[in-house]
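Visitor: Below is model38.csv; it holds CSV, C-alpha atoms.
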chain,number,residue,atom,x,y,z
T,1,MET,CA,-78.4,-25.3,32.3
T,2,ILE,CA,-80.4,-24.5,29.2
T,3,ILE,CA,-80.3,-20.7,29.6
T,4,GLY,CA,-77.8,-19.0,27.4
T,5,LEU,CA,-77.0,-15.6,25.9
T,6,PRO,CA,-79.9,-15.7,23.4
T,7,HIS,CA,-82.5,-16.0,26.2
T,8,TYR,CA,-81.2,-12.8,27.8
T,9,LEU,CA,-81.1,-11.0,24.5
T,10,ILE,CA,-84.6,-12.0,23.6
T,11,VAL,CA,-86.0,-10.8,27.0
T,12,ALA,CA,-84.1,-7.6,26.5
T,13,ALA,CA,-85.5,-7.2,22.9
T,14,VAL,CA,-89.1,-7.7,24.1
T,15,LEU,CA,-88.6,-5.2,26.9
T,16,PHE,CA,-87.0,-2.8,24.4
T,17,SER,CA,-90.0,-3.0,22.0
T,18,LEU,CA,-92.4,-2.6,24.9
T,19,GLY,CA,-90.5,0.6,25.8
T,20,ILE,CA,-90.7,1.8,22.2
T,21,ILE,CA,-94.4,1.2,22.2
T,22,CYS,CA,-94.8,3.1,25.5
T,23,VAL,CA,-92.7,6.0,24.3
T,24,VAL,CA,-94.5,6.3,20.9
T,25,SER,CA,-98.1,5.8,22.1
T,26,ARG,CA,-98.2,7.9,25.3
T,27,ARG,CA,-99.0,11.5,25.5
T,28,ASN,CA,-98.5,11.8,29.2
T,29,ALA,CA,-94.9,13.0,29.8
T,30,ILE,CA,-94.5,10.7,32.8
T,31,GLY,CA,-95.7,7.7,30.8
T,32,LEU,CA,-93.1,8.6,28.2
T,33,LEU,CA,-90.4,8.7,30.8
T,34,MET,CA,-91.5,5.2,32.0
T,35,GLY,CA,-90.9,4.0,28.4
T,36,VAL,CA,-87.4,5.5,28.4
T,37,GLU,CA,-86.7,3.6,31.7
T,38,LEU,CA,-87.8,0.4,30.1
T,39,ILE,CA,-85.5,0.9,27.2
T,40,LEU,CA,-82.5,1.7,29.4
T,41,ASN,CA,-83.2,-1.4,31.5
T,42,SER,CA,-83.3,-3.6,28.4
T,43,ALA,CA,-79.9,-2.1,27.3
T,44,ASN,CA,-78.6,-2.9,30.7
T,45,ILE,CA,-79.7,-6.5,30.5
T,46,ASN,CA,-77.8,-6.8,27.3
T,47,LEU,CA,-74.6,-5.3,28.9
T,48,VAL,CA,-74.7,-7.6,31.9
T,49,ALA,CA,-75.5,-10.6,29.7
T,50,PHE,CA,-72.5,-9.8,27.5
T,51,ALA,CA,-70.3,-9.4,30.5
T,52,ARG,CA,-71.4,-12.8,31.7
T,53,TYR,CA,-71.4,-14.8,28.4
T,54,VAL,CA,-69.1,-13.1,25.8
T,55,GLU,CA,-66.4,-11.1,27.5
T,56,SER,CA,-64.7,-12.3,30.6
T,57,GLY,CA,-63.8,-8.8,31.9
T,58,ILE,CA,-65.7,-6.5,34.2
T,59,SER,CA,-66.3,-3.7,31.6
T,60,GLY,CA,-69.9,-4.7,30.9
T,61,GLN,CA,-70.9,-4.4,34.5
T,62,VAL,CA,-69.1,-1.1,34.9
T,63,PHE,CA,-71.0,0.3,31.9
T,64,ALA,CA,-74.3,-1.1,33.4
T,65,LEU,CA,-73.5,0.9,36.5
T,66,PHE,CA,-72.9,4.0,34.5
T,67,VAL,CA,-76.2,3.5,32.7
T,68,ILE,CA,-78.0,3.2,36.0
T,69,VAL,CA,-76.5,6.4,37.3
T,70,LEU,CA,-77.3,8.2,34.1
T,71,ALA,CA,-80.9,6.9,34.2
T,72,ALA,CA,-81.3,8.1,37.8
T,73,ALA,CA,-80.0,11.6,36.8
T,74,GLU,CA,-82.2,11.7,33.7
T,75,ALA,CA,-85.3,10.7,35.9
T,76,ALA,CA,-84.5,13.5,38.4
T,77,VAL,CA,-84.1,16.2,35.8
T,78,ALA,CA,-87.1,15.0,33.7
T,79,MET,CA,-89.3,15.0,36.8
T,80,ALA,CA,-88.1,18.5,37.7
T,81,ILE,CA,-89.0,19.6,34.2
T,82,VAL,CA,-92.4,17.9,34.3
T,83,MET,CA,-93.2,19.6,37.6
T,84,ALA,CA,-92.2,22.9,36.2
T,85,ILE,CA,-94.3,22.4,33.1
T,86,TYR,CA,-97.2,21.2,35.2
T,87,ARG,CA,-97.0,24.4,37.4
T,88,HIS,CA,-96.9,26.5,34.3
T,89,LEU,CA,-99.6,24.8,32.1
T,90,ARG,CA,-101.6,22.8,34.7
T,91,ASN,CA,-101.2,19.6,32.7
T,92,ILE,CA,-98.4,17.4,31.5
T,93,ASP,CA,-99.8,16.6,28.0
T,94,THR,CA,-96.9,16.7,25.7
T,95,ALA,CA,-99.1,18.3,23.0
T,96,ALA,CA,-99.5,21.3,25.3
T,97,ALA,CA,-95.8,21.8,25.7
T,98,VAL,CA,-95.4,22.9,22.1
T,99,ASN,CA,-96.1,26.4,23.5
T,100,LEU,CA,-92.6,26.3,24.9
T,101,LYS,CA,-91.3,27.5,21.5
T,102,GLU,CA,-92.9,30.9,21.8
I,1,MET,CA,-73.9,-25.7,42.3
I,2,THR,CA,-73.8,-28.7,39.9
I,3,LEU,CA,-76.8,-30.2,41.5
I,4,LEU,CA,-78.7,-26.9,41.2
I,5,THR,CA,-77.8,-26.6,37.5
I,6,ALA,CA,-78.7,-30.2,36.9
I,7,ILE,CA,-82.2,-29.8,38.1
I,8,GLY,CA,-82.3,-26.4,36.4
I,9,LEU,CA,-83.3,-24.3,39.4
I,10,SER,CA,-81.6,-21.2,37.8
I,11,ASP,CA,-83.5,-21.9,34.6
I,12,ILE,CA,-86.8,-21.9,36.4
I,13,ALA,CA,-85.8,-18.7,38.2
I,14,PHE,CA,-84.8,-17.2,34.8
I,15,PHE,CA,-88.2,-17.9,33.3
I,16,ILE,CA,-90.0,-16.6,36.4
I,17,PHE,CA,-88.0,-13.3,36.2
I,18,ALA,CA,-88.5,-13.1,32.4
I,19,LEU,CA,-92.2,-13.6,32.8
I,20,LEU,CA,-92.3,-10.9,35.5
I,21,ILE,CA,-90.3,-8.5,33.4
I,22,ILE,CA,-92.4,-8.9,30.2
I,23,GLY,CA,-95.8,-9.1,32.0
I,24,CYS,CA,-95.1,-6.0,34.0
I,25,GLY,CA,-93.5,-4.3,31.0
I,26,ALA,CA,-96.7,-5.0,29.0
I,27,VAL,CA,-98.8,-3.4,31.8
I,28,VAL,CA,-96.5,-0.4,31.7
I,29,ALA,CA,-96.8,0.0,28.0
I,30,PHE,CA,-100.6,-0.8,27.6
I,31,SER,CA,-102.4,0.2,30.8
I,32,ARG,CA,-104.8,3.0,30.5
I,33,ASN,CA,-104.2,4.1,34.0
I,34,ILE,CA,-100.9,5.8,34.6
I,35,VAL,CA,-100.8,4.8,38.3
I,36,HIS,CA,-101.1,1.1,37.3
I,37,SER,CA,-98.2,1.7,34.9
I,38,GLY,CA,-96.1,3.2,37.7
I,39,PHE,CA,-96.7,0.3,40.0
I,40,ALA,CA,-96.1,-2.3,37.3
I,41,LEU,CA,-92.8,-0.6,36.6
I,42,MET,CA,-91.7,-1.9,40.1
I,43,GLY,CA,-92.2,-5.5,38.9
I,44,THR,CA,-90.1,-4.9,35.8
I,45,PHE,CA,-87.3,-3.3,37.8
I,46,ALA,CA,-87.3,-6.1,40.4
I,47,GLY,CA,-87.3,-8.8,37.6
I,48,VAL,CA,-84.4,-7.1,35.9
I,49,ALA,CA,-82.5,-7.1,39.2
I,50,GLY,CA,-83.2,-10.9,39.4
I,51,LEU,CA,-81.7,-11.4,35.9
I,52,TYR,CA,-78.6,-9.5,37.0
I,53,ALA,CA,-78.2,-11.8,39.9
I,54,LEU,CA,-78.6,-14.8,37.7
I,55,ALA,CA,-75.9,-13.4,35.4
I,56,PHE,CA,-73.4,-13.2,38.3
I,57,ALA,CA,-73.7,-9.4,38.6
I,58,GLN,CA,-74.7,-9.4,42.2
I,59,PHE,CA,-73.5,-5.8,42.9
I,60,ILE,CA,-75.4,-4.5,39.9
I,61,ALA,CA,-78.5,-6.3,41.1
I,62,ALA,CA,-78.2,-4.6,44.5
I,63,VAL,CA,-77.7,-1.2,42.9
I,64,GLN,CA,-80.7,-1.9,40.6
I,65,ILE,CA,-82.9,-2.5,43.6
I,66,MET,CA,-81.6,0.5,45.5
I,67,VAL,CA,-81.5,3.1,42.7
I,68,TYR,CA,-84.4,2.0,40.6
I,69,VAL,CA,-87.0,0.6,43.0
I,70,GLY,CA,-85.9,2.8,45.9
I,71,GLY,CA,-85.1,6.0,44.0
I,72,VAL,CA,-86.3,6.4,40.4
I,73,LEU,CA,-89.6,4.6,41.0
I,74,VAL,CA,-90.5,6.7,44.1
I,75,VAL,CA,-89.7,9.9,42.1
I,76,ILE,CA,-91.9,8.7,39.3
I,77,LEU,CA,-94.8,7.8,41.6
I,78,PHE,CA,-94.5,11.1,43.4
I,79,ALA,CA,-94.6,12.9,40.1
I,80,ILE,CA,-97.7,10.9,39.0
I,81,MET,CA,-99.5,11.6,42.3
I,82,MET,CA,-98.6,15.3,42.2
I,83,THR,CA,-99.4,16.1,38.6
I,84,ARG,CA,-102.2,13.8,37.6
I,85,GLU,CA,-105.7,15.1,37.4
I,86,ILE,CA,-107.6,12.2,38.8
I,87,GLY,CA,-110.5,11.3,36.5
I,88,ARG,CA,-109.1,13.1,33.4
I,89,ALA,CA,-108.9,10.3,30.9
I,90,GLU,CA,-107.0,12.3,28.2
I,91,SER,CA,-103.9,12.7,30.3
I,92,SER,CA,-103.0,9.1,29.4
I,93,ASN,CA,-104.5,8.8,26.0
I,94,PRO,CA,-102.3,7.6,23.2
I,95,ALA,CA,-100.7,10.2,20.9
I,96,VAL,CA,-100.2,7.9,18.0
I,97,GLY,CA,-102.8,5.2,17.5
I,98,ARG,CA,-102.1,2.0,19.5
I,99,PHE,CA,-102.0,-0.1,16.3
I,100,PRO,CA,-99.1,1.8,14.6
I,101,ALA,CA,-97.2,1.9,17.9
I,102,VAL,CA,-97.6,-1.9,18.4
I,103,LEU,CA,-96.6,-2.5,14.8
I,104,LEU,CA,-93.4,-0.4,15.2
I,105,GLY,CA,-92.6,-2.2,18.4
I,106,VAL,CA,-93.1,-5.7,16.9
I,107,VAL,CA,-90.9,-4.8,13.9
I,108,ILE,CA,-88.1,-3.5,16.0
I,109,GLY,CA,-88.4,-6.4,18.4
I,110,ALA,CA,-88.3,-8.9,15.5
I,111,VAL,CA,-85.2,-7.3,14.1
I,112,LEU,CA,-83.5,-7.4,17.5
I,113,VAL,CA,-84.4,-11.1,18.1
I,114,PHE,CA,-83.3,-12.0,14.6
I,115,ILE,CA,-79.9,-10.4,15.3
I,116,ALA,CA,-79.6,-12.0,18.7
I,117,LEU,CA,-80.3,-15.5,17.2
I,118,GLN,CA,-78.2,-15.1,14.0
I,119,PHE,CA,-75.0,-13.4,15.1
I,120,PRO,CA,-72.3,-15.9,15.9
I,121,TRP,CA,-71.5,-14.9,19.5
I,122,THR,CA,-68.3,-16.4,21.0
I,123,ILE,CA,-69.7,-17.8,24.2
I,124,ASN,CA,-67.6,-17.9,27.3
I,125,PRO,CA,-68.5,-21.4,28.6
I,126,SER,CA,-67.5,-21.0,32.3
I,127,THR,CA,-70.3,-21.2,34.8
I,128,ASP,CA,-68.2,-20.3,37.9
I,129,PHE,CA,-67.7,-16.7,38.7
I,130,ASP,CA,-66.3,-15.0,41.8
I,131,PRO,CA,-68.3,-12.1,43.2
I,132,THR,CA,-67.5,-9.1,41.1
I,133,VAL,CA,-67.7,-6.3,43.8
I,134,ASN,CA,-63.9,-6.3,44.3
I,135,ASP,CA,-63.1,-6.1,40.6
I,136,LEU,CA,-65.7,-3.4,40.1
I,137,GLY,CA,-64.2,-1.3,42.8
I,138,ASP,CA,-60.7,-1.7,41.3
I,139,ALA,CA,-61.9,-1.0,37.8
I,140,LEU,CA,-63.8,2.2,38.9
I,141,LEU,CA,-60.8,3.6,40.6
I,142,SER,CA,-58.2,2.7,38.0
I,143,ARG,CA,-59.2,2.1,34.4
I,144,PHE,CA,-62.6,3.9,34.6
I,145,LEU,CA,-61.4,6.7,37.0
I,146,ILE,CA,-62.1,9.5,34.6
I,147,PRO,CA,-65.6,8.5,33.6
I,148,PHE,CA,-66.3,7.9,37.3
I,149,GLU,CA,-65.3,11.4,38.2
I,150,VAL,CA,-67.2,12.9,35.3
I,151,LEU,CA,-70.2,11.0,36.5
I,152,SER,CA,-69.9,12.4,40.0
I,153,LEU,CA,-69.6,15.9,38.5
I,154,LEU,CA,-72.7,15.1,36.4
I,155,LEU,CA,-74.6,14.1,39.6
I,156,LEU,CA,-73.7,17.4,41.2
I,157,ALA,CA,-74.9,19.3,38.1
I,158,VAL,CA,-78.2,17.2,38.2
I,159,LEU,CA,-78.7,18.0,41.8
I,160,VAL,CA,-78.3,21.8,41.3
I,161,GLY,CA,-80.2,21.7,38.0
I,162,ALA,CA,-83.2,19.9,39.4
I,163,VAL,CA,-83.4,22.3,42.3
I,164,MET,CA,-83.1,25.2,40.0
I,165,LEU,CA,-85.8,24.0,37.7
I,166,VAL,CA,-88.3,23.6,40.4
I,167,LYS,CA,-87.3,26.6,42.5
I,168,LYS,CA,-87.5,29.1,39.6
I,169,GLU,CA,-91.1,28.2,39.0
I,170,ILE,CA,-92.1,28.7,42.6
I,171,LYS,CA,-90.7,32.2,42.3
I,172,ALA,CA,-92.5,32.8,39.0
I,173,LEU,CA,-95.8,31.6,40.5
I,174,PRO,CA,-97.1,34.6,42.5
I,175,PRO,CA,-97.4,37.1,39.5
I,176,GLU,CA,-99.1,34.4,37.5
I,177,GLU,CA,-101.7,33.9,40.3
I,178,LYS,CA,-102.1,37.7,40.5
I,179,SER,CA,-102.9,38.0,36.8
I,180,SER,CA,-105.4,35.1,37.0
How does this structure look as structure tokens?

Guide:
Amino acid sequence: MIIGLPHYLIVAAVLFSLGIICVVSRRNAIGLLMGVELILNSANINLVAFARYVESGISGQVFALFVIVLAAAEAAVAMAIVMAIYRHLRNIDTAAAVNLKE
Amino acid sequence: MTLLTAIGLSDIAFFIFALLIIGCGAVVAFSRNIVHSGFALMGTFAGVAGLYALAFAQFIAAVQIMVYVGGVLVVILFAIMMTREIGRAESSNPAVGRFPAVLLGVVIGAVLVFIALQFPWTINPSTDFDPTVNDLGDALLSRFLIPFEVLSLLLLAVLVGAVMLVKKEIKALPPEEKSS
């Protein structure tokens, strides 16, 4: 078995940077949210891998569960906001949403 | 189990899942078409579930499939289908140039990989784990009871909040249409 903790961490790190690239480079609000989901997933991979390789307890998996719940909640609220902005402005370009400050 | 580890079946599975995650993640990050990104997200979520299963977190893997692939992804795809003007290219144009974004991502990824390889982790060598569902249930109802209840409260708030956000705009829509 050659797979160890570093392999999981490297996969998570690559996924995290892809998420950062997605968040930074997209102007579509939904694309931005996809980047956030990638980042949360990479954090979750780390939590589960630590629970498997470093700490023998269950806490890592419990925190992974909490992160999944929070990500689902975040997606639901963000989608509701996106739909509301879309109804109001007829597009979901984040540059258009600066009008919110008025 | 020893035979499987000897021929490295779980290693092969790990590399397949890692390839799936990173390939689909790259499509999510770089595709010009937001619908392609949405569907590629499914591959990433499924691959992450596979990694959880390989790390002896079977329940988390099942929850990942149910919540992400079955819930979050469907919500995202619905939102894409309902909000996207088909044929409008600028709705998925990059805000920052692609090059600075990739540069930032590469720098952050390099730092994370460096830390992962350099830090002296104390590795737990055991390769035999019982299914963790039982322990998870115990932990959620004893040690993590308060966070668990707070999360359920949060879910209730999210339910009400999401409905409020969408419903309010439906009410506000008729005068807007009258004025336009």

Visitor: So that each row is one residue of chain T with an atom at most 7 Å from chain I, can you give its shortest atom pair and the distance in Å to one decimal, using all atoms listed in the file, rows by chain and rising number, as JSON lines?

Guide:
{"residue": "T:Met1", "atom": "CA", "partner": "I:Thr5", "partner_atom": "CA", "distance": 5.4}
{"residue": "T:Ile2", "atom": "CA", "partner": "I:Asp11", "partner_atom": "CA", "distance": 6.7}
{"residue": "T:Ile3", "atom": "CA", "partner": "I:Asp11", "partner_atom": "CA", "distance": 6.1}
{"residue": "T:Pro6", "atom": "CA", "partner": "I:Ala116", "partner_atom": "CA", "distance": 6.0}
{"residue": "T:Leu9", "atom": "CA", "partner": "I:Ala116", "partner_atom": "CA", "distance": 6.1}
{"residue": "T:Ile10", "atom": "CA", "partner": "I:Val113", "partner_atom": "CA", "distance": 5.6}
{"residue": "T:Val11", "atom": "CA", "partner": "I:Ala18", "partner_atom": "CA", "distance": 6.4}
{"residue": "T:Ala13", "atom": "CA", "partner": "I:Gly109", "partner_atom": "CA", "distance": 5.4}
{"residue": "T:Val14", "atom": "CA", "partner": "I:Gly109", "partner_atom": "CA", "distance": 5.9}
{"residue": "T:Leu15", "atom": "CA", "partner": "I:Ile22", "partner_atom": "CA", "distance": 6.2}
{"residue": "T:Ser17", "atom": "CA", "partner": "I:Gly105", "partner_atom": "CA", "distance": 4.5}
{"residue": "T:Leu18", "atom": "CA", "partner": "I:Ala29", "partner_atom": "CA", "distance": 6.0}
{"residue": "T:Gly19", "atom": "CA", "partner": "I:Ala29", "partner_atom": "CA", "distance": 6.7}
{"residue": "T:Ile20", "atom": "CA", "partner": "I:Gly105", "partner_atom": "CA", "distance": 5.8}
{"residue": "T:Ile21", "atom": "CA", "partner": "I:Ala101", "partner_atom": "CA", "distance": 5.2}
{"residue": "T:Cys22", "atom": "CA", "partner": "I:Ala29", "partner_atom": "CA", "distance": 4.5}
{"residue": "T:Val24", "atom": "CA", "partner": "I:Ala101", "partner_atom": "CA", "distance": 6.0}
{"residue": "T:Ser25", "atom": "CA", "partner": "I:Pro94", "partner_atom": "CA", "distance": 4.7}
{"residue": "T:Arg26", "atom": "CA", "partner": "I:Pro94", "partner_atom": "CA", "distance": 4.6}
{"residue": "T:Arg27", "atom": "CA", "partner": "I:Ala95", "partner_atom": "CA", "distance": 5.1}
{"residue": "T:Asn28", "atom": "CA", "partner": "I:Ser92", "partner_atom": "CA", "distance": 5.3}
{"residue": "T:Ile30", "atom": "CA", "partner": "I:Ile80", "partner_atom": "CA", "distance": 7.0}
{"residue": "T:Gly31", "atom": "CA", "partner": "I:Ile34", "partner_atom": "CA", "distance": 6.7}
{"residue": "T:Val48", "atom": "CA", "partner": "I:Tyr52", "partner_atom": "CA", "distance": 6.7}
{"residue": "T:Ala49", "atom": "CA", "partner": "I:Ala55", "partner_atom": "CA", "distance": 6.4}
{"residue": "T:Arg52", "atom": "CA", "partner": "I:Ala55", "partner_atom": "CA", "distance": 5.9}
{"residue": "T:Tyr53", "atom": "CA", "partner": "I:Asn124", "partner_atom": "CA", "distance": 5.0}
{"residue": "T:Val54", "atom": "CA", "partner": "I:Ile123", "partner_atom": "CA", "distance": 5.0}
{"residue": "T:Glu55", "atom": "CA", "partner": "I:Asn124", "partner_atom": "CA", "distance": 6.9}
{"residue": "T:Ile58", "atom": "CA", "partner": "I:Leu136", "partner_atom": "CA", "distance": 6.7}
{"residue": "T:Val62", "atom": "CA", "partner": "I:Leu136", "partner_atom": "CA", "distance": 6.6}
{"residue": "T:Leu65", "atom": "CA", "partner": "I:Ile60", "partner_atom": "CA", "distance": 6.7}
{"residue": "T:Ala72", "atom": "CA", "partner": "I:Val72", "partner_atom": "CA", "distance": 5.9}
{"residue": "T:Ala73", "atom": "CA", "partner": "I:Val158", "partner_atom": "CA", "distance": 6.0}
{"residue": "T:Ala75", "atom": "CA", "partner": "I:Val72", "partner_atom": "CA", "distance": 6.3}
{"residue": "T:Ala76", "atom": "CA", "partner": "I:Ala162", "partner_atom": "CA", "distance": 6.6}
{"residue": "T:Val77", "atom": "CA", "partner": "I:Ala162", "partner_atom": "CA", "distance": 5.2}
{"residue": "T:Met79", "atom": "CA", "partner": "I:Ala79", "partner_atom": "CA", "distance": 6.6}
{"residue": "T:Ala80", "atom": "CA", "partner": "I:Ala162", "partner_atom": "CA", "distance": 5.4}
{"residue": "T:Ile81", "atom": "CA", "partner": "I:Leu165", "partner_atom": "CA", "distance": 6.5}
{"residue": "T:Met83", "atom": "CA", "partner": "I:Val166", "partner_atom": "CA", "distance": 6.9}
{"residue": "T:Ala84", "atom": "CA", "partner": "I:Val166", "partner_atom": "CA", "distance": 5.8}
{"residue": "T:Tyr86", "atom": "CA", "partner": "I:Thr83", "partner_atom": "CA", "distance": 6.5}
{"residue": "T:Asp93", "atom": "CA", "partner": "I:Ser91", "partner_atom": "CA", "distance": 6.1}

Visitor: One number please: CA of Leu47 (chain T) to CA of Phe63 (chain T), in Å, one decimal.

Guide: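 That distance, rounded to one decimal, is 7.3 Å.
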
Visitor: Emit as AutoDock Vina command-line options the padded axis-aligned box for all listed atoms of region 41-53 of chain I, 6 Å per side, with centre and edge lengths in Å to one decimal.

Guide:
--center_x -85.5 --center_y -6.2 --center_z 38.1 --size_x 26.6 --size_y 23.2 --size_z 16.6

Visitor: Between CA of Ala71 (chain T) and CA of Ile39 (chain T), what is the spacing in Å?

Guide: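 Separation between CA of Ile39 (chain T) and CA of Ala71 (chain T): 10.3 Å.
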
Visitor: Enter the distance from CA of Ser59 (chain T) to CA of Ile45 (chain T), in Å, rounded to one decimal.

Guide: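 These two atoms are separated by 13.7 Å.
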